[in-house]
file my_file25.tsv (TSV, C-alpha atoms)
chain	number	residue	atom	x	y	z
N	1	MET	CA	-48.29	-87.58	-114.38
N	2	PRO	CA	-45.90	-86.00	-116.91
N	3	LYS	CA	-42.28	-86.95	-116.22
N	4	ALA	CA	-41.13	-83.33	-116.43
N	5	ALA	CA	-43.80	-82.08	-114.00
N	6	ARG	CA	-42.36	-80.56	-110.86
N	7	ALA	CA	-44.45	-79.79	-107.79
N	8	TYR	CA	-44.90	-76.07	-107.19
N	9	TRP	CA	-45.91	-76.63	-103.56
N	10	LYS	CA	-46.21	-79.59	-101.19
N	11	GLY	CA	-48.25	-79.70	-98.01
N	12	PHE	CA	-51.67	-80.59	-96.67
N	13	LEU	CA	-55.31	-79.88	-97.51
N	14	ARG	CA	-57.54	-79.71	-94.45
N	15	LEU	CA	-61.32	-79.88	-94.17
N	16	SER	CA	-62.15	-79.55	-90.47
N	17	LEU	CA	-60.57	-82.66	-88.89
N	18	VAL	CA	-59.79	-84.31	-92.24
N	19	THR	CA	-56.21	-83.64	-93.38
N	20	ILE	CA	-54.65	-85.14	-96.52
N	21	GLY	CA	-51.27	-84.72	-98.17
N	22	VAL	CA	-51.35	-82.88	-101.50
N	23	GLU	CA	-49.02	-81.58	-104.18
N	24	ILE	CA	-49.71	-78.55	-106.39
N	25	TYR	CA	-48.65	-78.27	-110.04
N	26	ASN	CA	-48.82	-75.37	-112.46
N	27	ALA	CA	-51.80	-75.85	-114.81
N	28	VAL	CA	-50.59	-73.30	-117.38
N	29	GLU	CA	-48.10	-74.11	-120.13
N	30	SER	CA	-45.97	-70.98	-120.32
N	31	LYS	CA	-43.89	-72.40	-123.20
N	32	ALA	CA	-46.94	-72.19	-125.48
N	33	GLU	CA	-46.23	-68.51	-126.15
N	34	ILE	CA	-43.36	-67.26	-128.28
N	35	SER	CA	-41.16	-64.80	-126.41
N	36	PHE	CA	-38.56	-62.48	-127.92
N	37	ARG	CA	-35.13	-61.26	-126.87
N	38	GLN	CA	-33.52	-58.01	-127.94
N	39	ILE	CA	-30.63	-58.76	-130.31
N	40	HIS	CA	-27.83	-56.52	-131.60
N	41	LYS	CA	-28.43	-56.93	-135.36
N	42	PRO	CA	-24.85	-56.34	-136.63
N	43	SER	CA	-23.33	-58.97	-134.31
N	44	GLY	CA	-26.38	-61.19	-133.74
N	45	LYS	CA	-25.67	-61.23	-130.00
N	46	ARG	CA	-28.14	-60.67	-127.19
N	47	VAL	CA	-28.37	-57.19	-125.69
N	48	ASN	CA	-27.39	-56.93	-121.99
N	49	TYR	CA	-28.31	-54.13	-119.66
N	50	GLU	CA	-26.21	-52.29	-117.13
N	51	LYS	CA	-27.74	-50.72	-114.03
N	52	VAL	CA	-27.16	-46.96	-114.14
N	53	VAL	CA	-28.39	-43.96	-112.17
N	54	ALA	CA	-28.92	-40.56	-113.75
N	55	GLY	CA	-26.07	-38.24	-112.74
N	56	VAL	CA	-24.15	-41.10	-111.11
N	57	GLY	CA	-23.48	-43.60	-113.89
N	58	LYS	CA	-22.95	-47.34	-113.57
N	59	ILE	CA	-23.63	-48.72	-110.09
N	60	ASP	CA	-22.91	-51.91	-108.17
N	61	SER	CA	-25.76	-54.37	-107.53
N	62	LYS	CA	-24.91	-54.47	-103.80
N	63	ASP	CA	-25.91	-50.79	-103.54
N	64	ILE	CA	-29.46	-51.43	-104.78
N	65	VAL	CA	-32.35	-51.62	-102.30
N	66	LYS	CA	-36.10	-51.76	-102.79
N	67	GLY	CA	-38.09	-48.57	-102.49
N	68	TYR	CA	-41.77	-47.62	-102.36
N	69	GLU	CA	-42.77	-44.37	-104.06
N	70	VAL	CA	-44.81	-42.20	-101.66
N	71	ASP	CA	-44.66	-39.06	-103.82
N	72	LYS	CA	-43.08	-38.03	-107.11
N	73	ASP	CA	-39.37	-38.90	-106.88
N	74	THR	CA	-39.76	-39.54	-103.15
N	75	TYR	CA	-39.21	-43.09	-101.90
N	76	VAL	CA	-39.19	-45.04	-98.67
N	77	THR	CA	-36.30	-47.49	-98.97
N	78	LEU	CA	-36.40	-50.93	-97.37
N	79	ASP	CA	-33.49	-53.27	-96.66
N	80	PRO	CA	-33.86	-57.01	-97.41
N	81	GLU	CA	-33.74	-57.76	-93.67
N	82	GLU	CA	-36.68	-55.40	-93.03
N	83	ILE	CA	-38.77	-57.05	-95.74
N	84	ASP	CA	-37.90	-60.54	-94.48
N	85	ALA	CA	-39.04	-59.51	-90.98
N	86	VAL	CA	-42.66	-59.06	-92.14
N	87	LYS	CA	-42.81	-62.14	-94.37
N	88	LEU	CA	-45.29	-64.71	-93.15
N	89	GLU	CA	-44.17	-68.09	-91.94
N	90	SER	CA	-44.60	-70.61	-94.74
N	91	LYS	CA	-47.51	-72.73	-93.55
N	92	LYS	CA	-47.82	-76.14	-95.10
N	93	THR	CA	-51.59	-76.40	-94.78
N	94	ILE	CA	-54.42	-75.20	-97.02
N	95	ASP	CA	-57.25	-74.81	-94.52
N	96	LEU	CA	-60.67	-74.67	-96.19
N	97	VAL	CA	-62.42	-72.08	-94.04
N	98	GLN	CA	-65.49	-71.21	-96.13
N	99	PHE	CA	-67.55	-72.60	-99.00
N	100	VAL	CA	-69.39	-70.53	-101.61
N	101	ASP	CA	-71.34	-71.22	-104.79
N	102	ALA	CA	-68.95	-71.30	-107.73
N	103	LYS	CA	-71.20	-68.96	-109.74
N	104	ASP	CA	-71.01	-66.32	-106.99
N	105	ILE	CA	-67.32	-65.59	-107.57
N	106	ASP	CA	-66.88	-62.72	-110.02
N	107	TYR	CA	-64.58	-63.97	-112.80
N	108	ARG	CA	-62.40	-60.85	-112.38
N	109	TYR	CA	-61.01	-62.45	-109.22
N	110	PHE	CA	-59.59	-65.53	-110.98
N	111	GLU	CA	-55.89	-65.19	-111.72
N	112	ARG	CA	-54.09	-68.50	-112.32
N	113	PRO	CA	-55.01	-72.20	-112.09
N	114	TYR	CA	-53.05	-75.04	-110.47
N	115	PHE	CA	-53.68	-78.78	-110.30
N	116	VAL	CA	-54.01	-80.32	-106.82
N	117	THR	CA	-53.12	-84.02	-106.55
N	118	PRO	CA	-52.90	-86.46	-103.62
N	119	SER	CA	-49.33	-86.85	-102.44
N	120	ASP	CA	-49.60	-90.60	-101.79
N	121	GLU	CA	-51.99	-93.56	-101.76
N	122	LEU	CA	-53.06	-92.94	-98.15
N	123	SER	CA	-54.30	-89.48	-99.11
N	124	GLY	CA	-56.27	-90.75	-102.10
N	125	GLU	CA	-59.45	-91.73	-100.23
N	126	GLY	CA	-59.84	-88.42	-98.43
N	127	TYR	CA	-59.01	-86.61	-101.66
N	128	VAL	CA	-61.86	-88.18	-103.65
N	129	VAL	CA	-64.28	-87.65	-100.75
N	130	ILE	CA	-63.56	-83.89	-100.76
N	131	ARG	CA	-63.77	-83.79	-104.57
N	132	GLU	CA	-67.17	-85.50	-104.66
N	133	ALA	CA	-68.54	-83.40	-101.78
N	134	LEU	CA	-67.62	-80.20	-103.61
N	135	ARG	CA	-69.11	-81.52	-106.86
N	136	LYS	CA	-72.35	-82.62	-105.19
N	137	THR	CA	-72.89	-79.30	-103.40
N	138	GLY	CA	-71.75	-77.09	-106.30
N	139	LYS	CA	-69.45	-75.28	-103.90
N	140	VAL	CA	-65.81	-74.19	-103.98
N	141	GLY	CA	-63.66	-74.02	-100.89
N	142	LEU	CA	-61.89	-70.80	-99.96
N	143	ALA	CA	-58.54	-70.75	-98.20
N	144	GLN	CA	-55.33	-68.79	-97.83
N	145	ILE	CA	-51.95	-70.26	-98.64
N	146	THR	CA	-48.53	-68.84	-97.81
N	147	ILE	CA	-45.88	-69.17	-100.53
N	148	SER	CA	-42.49	-67.41	-100.36
N	149	GLY	CA	-43.68	-65.22	-97.49
N	150	ARG	CA	-46.75	-63.96	-99.33
N	151	GLU	CA	-50.32	-64.92	-98.49
N	152	TRP	CA	-52.59	-65.86	-101.40
N	153	LEU	CA	-56.35	-66.21	-101.48
N	154	VAL	CA	-57.31	-69.43	-103.28
N	155	ALA	CA	-60.39	-71.40	-104.31
N	156	ILE	CA	-60.43	-75.20	-104.46
N	157	ALA	CA	-62.90	-76.80	-106.90
N	158	PRO	CA	-63.48	-80.18	-108.59
N	159	LEU	CA	-62.10	-80.63	-112.09
N	160	GLU	CA	-62.70	-83.89	-113.99
N	161	ASP	CA	-61.09	-86.61	-111.81
N	162	GLY	CA	-59.26	-84.21	-109.53
N	163	LEU	CA	-59.14	-80.82	-107.86
N	164	VAL	CA	-58.01	-77.46	-109.18
N	165	MET	CA	-56.75	-74.54	-107.12
N	166	GLU	CA	-57.37	-71.09	-108.53
N	167	MET	CA	-55.31	-68.16	-107.28
N	168	LEU	CA	-57.70	-65.29	-106.54
N	169	ARG	CA	-57.09	-61.56	-106.50
N	170	TYR	CA	-57.85	-59.63	-103.34
N	171	ASN	CA	-60.68	-57.11	-103.47
N	172	GLU	CA	-58.41	-54.07	-103.27
N	173	GLU	CA	-56.56	-55.21	-106.40
N	174	LEU	CA	-59.60	-54.62	-108.61
N	175	ARG	CA	-60.65	-51.31	-110.11
N	176	GLN	CA	-64.22	-50.15	-109.62
N	177	PRO	CA	-66.45	-50.74	-112.67
N	178	ALA	CA	-68.41	-47.56	-112.00
N	179	ASP	CA	-65.30	-45.51	-112.78
N	180	PHE	CA	-65.35	-46.85	-116.35
N	181	PHE	CA	-69.06	-47.39	-117.05
N	182	ASP	CA	-70.24	-43.91	-116.05
N	183	GLU	CA	-70.81	-42.91	-119.69
N	184	VAL	CA	-72.90	-45.96	-120.60
N	185	PRO	CA	-76.38	-44.74	-121.68
N	186	GLY	CA	-78.92	-45.03	-118.90
N	187	THR	CA	-81.89	-45.28	-121.26
N	188	LYS	CA	-83.94	-48.48	-121.37
N	189	PRO	CA	-83.29	-50.41	-124.61
N	190	ASP	CA	-86.04	-51.28	-127.05
N	191	ARG	CA	-87.67	-54.54	-125.90
N	192	GLU	CA	-87.98	-55.98	-129.41
N	193	MET	CA	-84.31	-55.38	-130.14
N	194	VAL	CA	-83.35	-57.06	-126.86
N	195	ASP	CA	-85.55	-60.06	-127.77
N	196	LEU	CA	-83.84	-60.27	-131.16
N	197	ALA	CA	-80.42	-60.14	-129.49
N	198	VAL	CA	-81.53	-62.93	-127.12
N	199	GLN	CA	-82.57	-65.03	-130.14
N	200	LEU	CA	-79.19	-64.40	-131.76
N	201	ILE	CA	-77.35	-65.46	-128.60
N	202	GLY	CA	-79.46	-68.61	-128.38
N	203	LYS	CA	-78.74	-69.38	-132.02
N	204	LYS	CA	-75.00	-69.16	-131.45
N	205	SER	CA	-74.95	-70.90	-128.04
N	206	GLY	CA	-73.22	-74.22	-127.44
N	207	ALA	CA	-70.91	-76.13	-125.14
N	208	PHE	CA	-67.58	-74.54	-124.27
N	209	LYS	CA	-64.94	-76.21	-126.42
N	210	PRO	CA	-61.70	-74.22	-126.08
N	211	GLU	CA	-59.90	-76.49	-128.54
N	212	LYS	CA	-62.00	-74.97	-131.33
N	213	PHE	CA	-60.30	-71.60	-130.82
N	214	GLU	CA	-56.79	-70.88	-132.06
N	215	ASP	CA	-54.43	-68.06	-131.20
N	216	HIS	CA	-53.86	-66.97	-134.79
N	217	TYR	CA	-51.17	-64.47	-133.80
N	218	GLN	CA	-49.05	-67.14	-132.08
N	219	ALA	CA	-49.58	-69.51	-135.03
N	220	ALA	CA	-48.48	-66.80	-137.45
N	221	LEU	CA	-45.38	-66.05	-135.34
N	222	LYS	CA	-44.39	-69.73	-135.28
N	223	ALA	CA	-44.86	-69.96	-139.06
N	224	LEU	CA	-42.83	-66.78	-139.50
N	225	VAL	CA	-39.95	-68.18	-137.43
N	226	GLN	CA	-39.96	-71.39	-139.48
N	227	ASP	CA	-39.96	-69.42	-142.75
N	228	LYS	CA	-37.05	-67.31	-141.56
N	229	LEU	CA	-35.12	-70.45	-140.58
N	230	LYS	CA	-35.61	-71.73	-144.14
N	231	GLY	CA	-34.27	-68.47	-145.54
N	232	ARG	CA	-37.52	-67.31	-147.09
N	233	LYS	CA	-38.11	-63.62	-147.66
N	234	ILE	CA	-41.01	-62.26	-145.63
N	235	VAL	CA	-43.28	-59.80	-147.43
N	236	ALA	CA	-45.69	-57.70	-145.41
N	237	HIS	CA	-49.28	-57.70	-146.65
N	238	GLU	CA	-52.56	-56.17	-145.64
N	239	ALA	CA	-54.26	-58.51	-143.18
N	240	ASP	CA	-57.82	-59.53	-143.89
N	241	ARG	CA	-59.41	-58.09	-140.80
N	242	PRO	CA	-63.07	-57.25	-140.19
N	243	LYS	CA	-63.72	-53.55	-140.48
N	244	GLY	CA	-66.31	-51.68	-138.46
N	245	GLY	CA	-69.31	-50.50	-140.43
N	246	ASN	CA	-71.77	-47.70	-140.00
N	247	ILE	CA	-74.85	-49.51	-138.70
N	248	VAL	CA	-77.59	-47.10	-139.63
N	249	ASP	CA	-80.48	-49.31	-138.51
N	250	LEU	CA	-79.74	-51.47	-135.44
N	251	MET	CA	-83.14	-53.18	-135.68
N	252	GLU	CA	-82.46	-54.18	-139.29
N	253	ALA	CA	-79.02	-55.51	-138.39
N	254	LEU	CA	-80.49	-57.66	-135.60
N	255	LYS	CA	-83.25	-59.02	-137.84
N	256	ARG	CA	-80.74	-59.86	-140.58
N	257	SER	CA	-78.51	-61.64	-138.04
N	258	VAL	CA	-81.34	-63.71	-136.55
N	259	GLY	CA	-82.66	-64.49	-140.03
N	260	GLY	CA	-79.41	-66.12	-141.07
N	261	ALA	CA	-78.11	-63.35	-143.32
N	262	PRO	CA	-74.33	-62.88	-143.63
N	263	ASP	CA	-72.74	-61.47	-140.47
N	264	LYS	CA	-71.98	-58.02	-141.83
N	265	PRO	CA	-73.61	-54.64	-141.18
N	266	PRO	CA	-76.09	-53.30	-143.74
N	267	ALA	CA	-74.78	-50.64	-146.10
N	268	SER	CA	-75.40	-47.02	-145.12
N	269	LYS	CA	-78.49	-45.57	-146.76
N	270	PRO	CA	-78.47	-42.14	-148.44
N	271	ALA	CA	-80.27	-39.34	-146.65
N	272	ALA	CA	-82.61	-38.74	-149.62
N	273	SER	CA	-85.82	-40.70	-150.23
N	274	LYS	CA	-85.41	-44.29	-151.42
N	275	SER	CA	-85.10	-44.79	-155.15
N	276	LYS	CA	-86.60	-47.71	-157.06
N	277	SER	CA	-83.19	-49.32	-157.39
N	278	THR	CA	-82.68	-49.11	-153.61
N	279	ARG	CA	-86.04	-50.74	-152.92
N	280	GLY	CA	-85.29	-53.43	-155.47
N	281	SER	CA	-81.92	-54.25	-153.94
N	282	LYS	CA	-83.52	-54.45	-150.51
N	283	LYS	CA	-86.09	-56.98	-151.75
N	284	ARG	CA	-83.35	-59.10	-153.29
N	285	ALA	CA	-81.44	-58.99	-150.00

call {"tool": "encode", "arguments": {"input": "my_file25.tsv", "output": "structure tokens"}}
result
Amino acid sequence: MPKAARAYWKGFLRLSLVTIGVEIYNAVESKAEISFRQIHKPSGKRVNYEKVVAGVGKIDSKDIVKGYEVDKDTYVTLDPEEIDAVKLESKKTIDLVQFVDAKDIDYRYFERPYFVTPSDELSGEGYVVIREALRKTGKVGLAQITISGREWLVAIAPLEDGLVMEMLRYNEELRQPADFFDEVPGTKPDREMVDLAVQLIGKKSGAFKPEKFEDHYQAALKALVQDKLKGRKIVAHEADRPKGGNIVDLMEALKRSVGGAPDKPPASKPAASKSKSTRGSKKRA
């Protein structure tokens, strides 16, 4: 356990009559991303903001309440006491009420992962029993947990030697795919082209190894900060980015990809009949 790790939540995990003490830790390293602050360039000091209202000017924080917009520029205001009155009592138990196949959860529902650990030695035995039962059945346990007055939907699943809790979005939080995919062509694709695409996917398939992928933007930002600290002058340059091409023949592009040709679209062909030089270049390709 990292020395700096601080439990996000402490309570109990319950499977029917089995209850064990657990602690929950954030599984995401937020410090991995570079964040910026707005700075006043002449003085080098951080920019602060004052709360103002149009036509009124600067206001006092004690006069601010929360409001829900019901129409344009029309709000229902709520006092802190009214909001506190509907907050749920903070339960200290994650009650696993249903189990589903992990593959049946649409990945759009997953929001944020947390590590679940046993709180003490006495809880260790029950903890590993639940972990192995979930692993053996291929199931994840669904529950609801109350944190800071809000109720979250969560999924508990095995992860290496322990358990992970994934915060899930509620159904009403998701937009309907049909609203965005209504212009996707409804025609049936060419079977041979689909088979070629399947071959290409198989050729490029492998185990998921996230460490092989790097956030090049974050790496460039970190390098930029270091260069600036050393007093180097930063010169903007044209980034070497892939550019979209005009794929005239999709079948040809698929065949070239499966055949091991360079991953770039074929050059656009002229509308006129093929010349000898064109045919010759195609043979060489």

call {"tool": "atom_distance", "arguments": {"input": "my_file25.tsv", "atom1": "atom CA of N:Pro113", "atom2": "atom CA of N:Glu166"}}
result
4.4 Å

call {"tool": "atom_distance", "arguments": {"input": "my_file25.tsv", "atom1": "atom CA of N:Leu163", "atom2": "atom CA of N:Arg135"}}
result
10.0 Å

call {"tool": "residues_around", "arguments": {"input": "my_file25.tsv", "residues": "stretch 57-68 of chain N", "least_positions_apart": "5", "cutoff": "9 Å", "atoms": "all atoms listed in the file", "output": "MDAnalysis selection string"}}
result
chainID N and resid 50:52 74:80

call {"tool": "atom_distance", "arguments": {"input": "my_file25.tsv", "atom1": "atom CA of N:Leu159", "atom2": "atom CA of N:Asp101"}}
result
15.1 Å

call {"tool": "closest_residue", "arguments": {"input": "my_file25.tsv", "among": "N:His40, N:Lys92, N:Gly55, N:Ala197", "to": "N:Glu252", "atoms": "all atoms listed in the file"}}
result
N:Ala197

call {"tool": "residues_around", "arguments": {"input": "my_file25.tsv", "residues": "N:Phe110", "least_positions_apart": "5", "cutoff": "10 Å", "atoms": "all atoms listed in the file", "output": "JSON list (two decimals) with C-alpha atoms, in the coordinates of the input"}}
result
[["chain", "number", "residue", "atom", "x", "y", "z"],
["N", 105, "ILE", "CA", -67.32, -65.59, -107.57],
["N", 154, "VAL", "CA", -57.31, -69.43, -103.28],
["N", 155, "ALA", "CA", -60.39, -71.40, -104.31],
["N", 166, "GLU", "CA", -57.37, -71.09, -108.53],
["N", 167, "MET", "CA", -55.31, -68.16, -107.28],
["N", 168, "LEU", "CA", -57.70, -65.29, -106.54],
["N", 169, "ARG", "CA", -57.09, -61.56, -106.50],
["N", 170, "TYR", "CA", -57.85, -59.63, -103.34]]

call {"tool": "residues_around", "arguments": {"input": "my_file25.tsv", "residues": "N:Glu160", "least_positions_apart": "6", "cutoff": "12 Å", "atoms": "all atoms listed in the file", "output": "list in words"}}
result
Phe115, Val116, Val128, Arg131, Glu132 and Arg135 of chain N

call {"tool": "write_last_selection", "arguments": {"input": "my_file25.tsv", "atoms": "C-alpha atoms", "output": "PDB file, in the coordinates of the input"}}
result
ATOM      1  CA  PHE N 115     -53.680 -78.780-110.300  1.00  0.00           C
ATOM      2  CA  VAL N 116     -54.010 -80.320-106.820  1.00  0.00           C
ATOM      3  CA  VAL N 128     -61.860 -88.180-103.650  1.00  0.00           C
ATOM      4  CA  ARG N 131     -63.770 -83.790-104.570  1.00  0.00           C
ATOM      5  CA  GLU N 132     -67.170 -85.500-104.660  1.00  0.00           C
ATOM      6  CA  ARG N 135     -69.110 -81.520-106.860  1.00  0.00           C
TER       7      ARG N 135
END

call {"tool": "residues_near_point", "arguments": {"input": "my_file25.tsv", "point": "(-72.4, -74.5, -104.0)", "cutoff": "10 Å", "atoms": "all atoms listed in the file", "output": "list of chain:residue names"}}
result
N:Phe99, N:Val100, N:Asp101, N:Ala102, N:Lys103, N:Asp104, N:Ala133, N:Leu134, N:Arg135, N:Lys136, N:Thr137, N:Gly138, N:Lys139, N:Val140, N:Gly141

call {"tool": "residues_around", "arguments": {"input": "my_file25.tsv", "residues": "stretch 215-219 of chain N", "least_positions_apart": "2", "cutoff": "7 Å", "atoms": "only C-alpha atoms", "output": "PyMOL selection string"}}
result
chain N and resi 33-34+213+221-223

call {"tool": "closest_residue", "arguments": {"input": "my_file25.tsv", "among": "N:Ile39, N:Ala207, N:Val28, N:Leu96", "to": "N:Phe12", "atoms": "all atoms listed in the file"}}
result
N:Leu96

call {"tool": "build_atoms", "arguments": {"input": "my_file25.tsv", "residues": "stretch 11-28 of chain N", "atoms": "N, CA and C atoms", "output": "tab-separated table (two decimals), keeping the file's coordinate frame"}}
result
chain	number	residue	atom	x	y	z
N	11	GLY	N	-47.74	-79.94	-99.36
N	11	GLY	CA	-48.25	-79.70	-98.01
N	11	GLY	C	-49.49	-80.51	-97.75
N	12	PHE	N	-50.47	-79.88	-97.07
N	12	PHE	CA	-51.67	-80.59	-96.67
N	12	PHE	C	-52.92	-79.77	-96.99
N	13	LEU	N	-53.99	-80.49	-97.31
N	13	LEU	CA	-55.31	-79.88	-97.51
N	13	LEU	C	-56.17	-80.34	-96.35
N	14	ARG	N	-56.79	-79.35	-95.65
N	14	ARG	CA	-57.54	-79.71	-94.45
N	14	ARG	C	-58.97	-79.24	-94.54
N	15	LEU	N	-59.90	-80.17	-94.28
N	15	LEU	CA	-61.32	-79.88	-94.17
N	15	LEU	C	-61.75	-80.29	-92.77
N	16	SER	N	-61.84	-79.30	-91.88
N	16	SER	CA	-62.15	-79.55	-90.47
N	16	SER	C	-61.11	-80.51	-89.89
N	17	LEU	N	-61.51	-81.72	-89.50
N	17	LEU	CA	-60.57	-82.66	-88.89
N	17	LEU	C	-59.94	-83.60	-89.91
N	18	VAL	N	-60.34	-83.46	-91.17
N	18	VAL	CA	-59.79	-84.31	-92.24
N	18	VAL	C	-58.60	-83.60	-92.87
N	19	THR	N	-57.43	-84.22	-92.81
N	19	THR	CA	-56.21	-83.64	-93.38
N	19	THR	C	-55.57	-84.66	-94.32
N	20	ILE	N	-55.28	-84.24	-95.54
N	20	ILE	CA	-54.65	-85.14	-96.52
N	20	ILE	C	-53.44	-84.45	-97.13
N	21	GLY	N	-52.46	-85.24	-97.51
N	21	GLY	CA	-51.27	-84.72	-98.17
N	21	GLY	C	-51.57	-84.41	-99.64
N	22	VAL	N	-51.11	-83.26	-100.10
N	22	VAL	CA	-51.35	-82.88	-101.50
N	22	VAL	C	-50.09	-82.25	-102.10
N	23	GLU	N	-50.07	-82.27	-103.43
N	23	GLU	CA	-49.02	-81.58	-104.18
N	23	GLU	C	-49.71	-80.68	-105.20
N	24	ILE	N	-49.12	-79.53	-105.48
N	24	ILE	CA	-49.71	-78.55	-106.39
N	24	ILE	C	-48.79	-78.37	-107.59
N	25	TYR	N	-49.40	-78.40	-108.80
N	25	TYR	CA	-48.65	-78.27	-110.04
N	25	TYR	C	-49.24	-77.14	-110.88
N	26	ASN	N	-48.37	-76.45	-111.58
N	26	ASN	CA	-48.82	-75.37	-112.46
N	26	ASN	C	-49.70	-75.95	-113.57
N	27	ALA	N	-50.88	-75.36	-113.79
N	27	ALA	CA	-51.80	-75.85	-114.81
N	27	ALA	C	-51.68	-75.08	-116.12
N	28	VAL	N	-50.77	-74.14	-116.19
N	28	VAL	CA	-50.59	-73.30	-117.38
N	28	VAL	C	-49.27	-73.64	-118.05
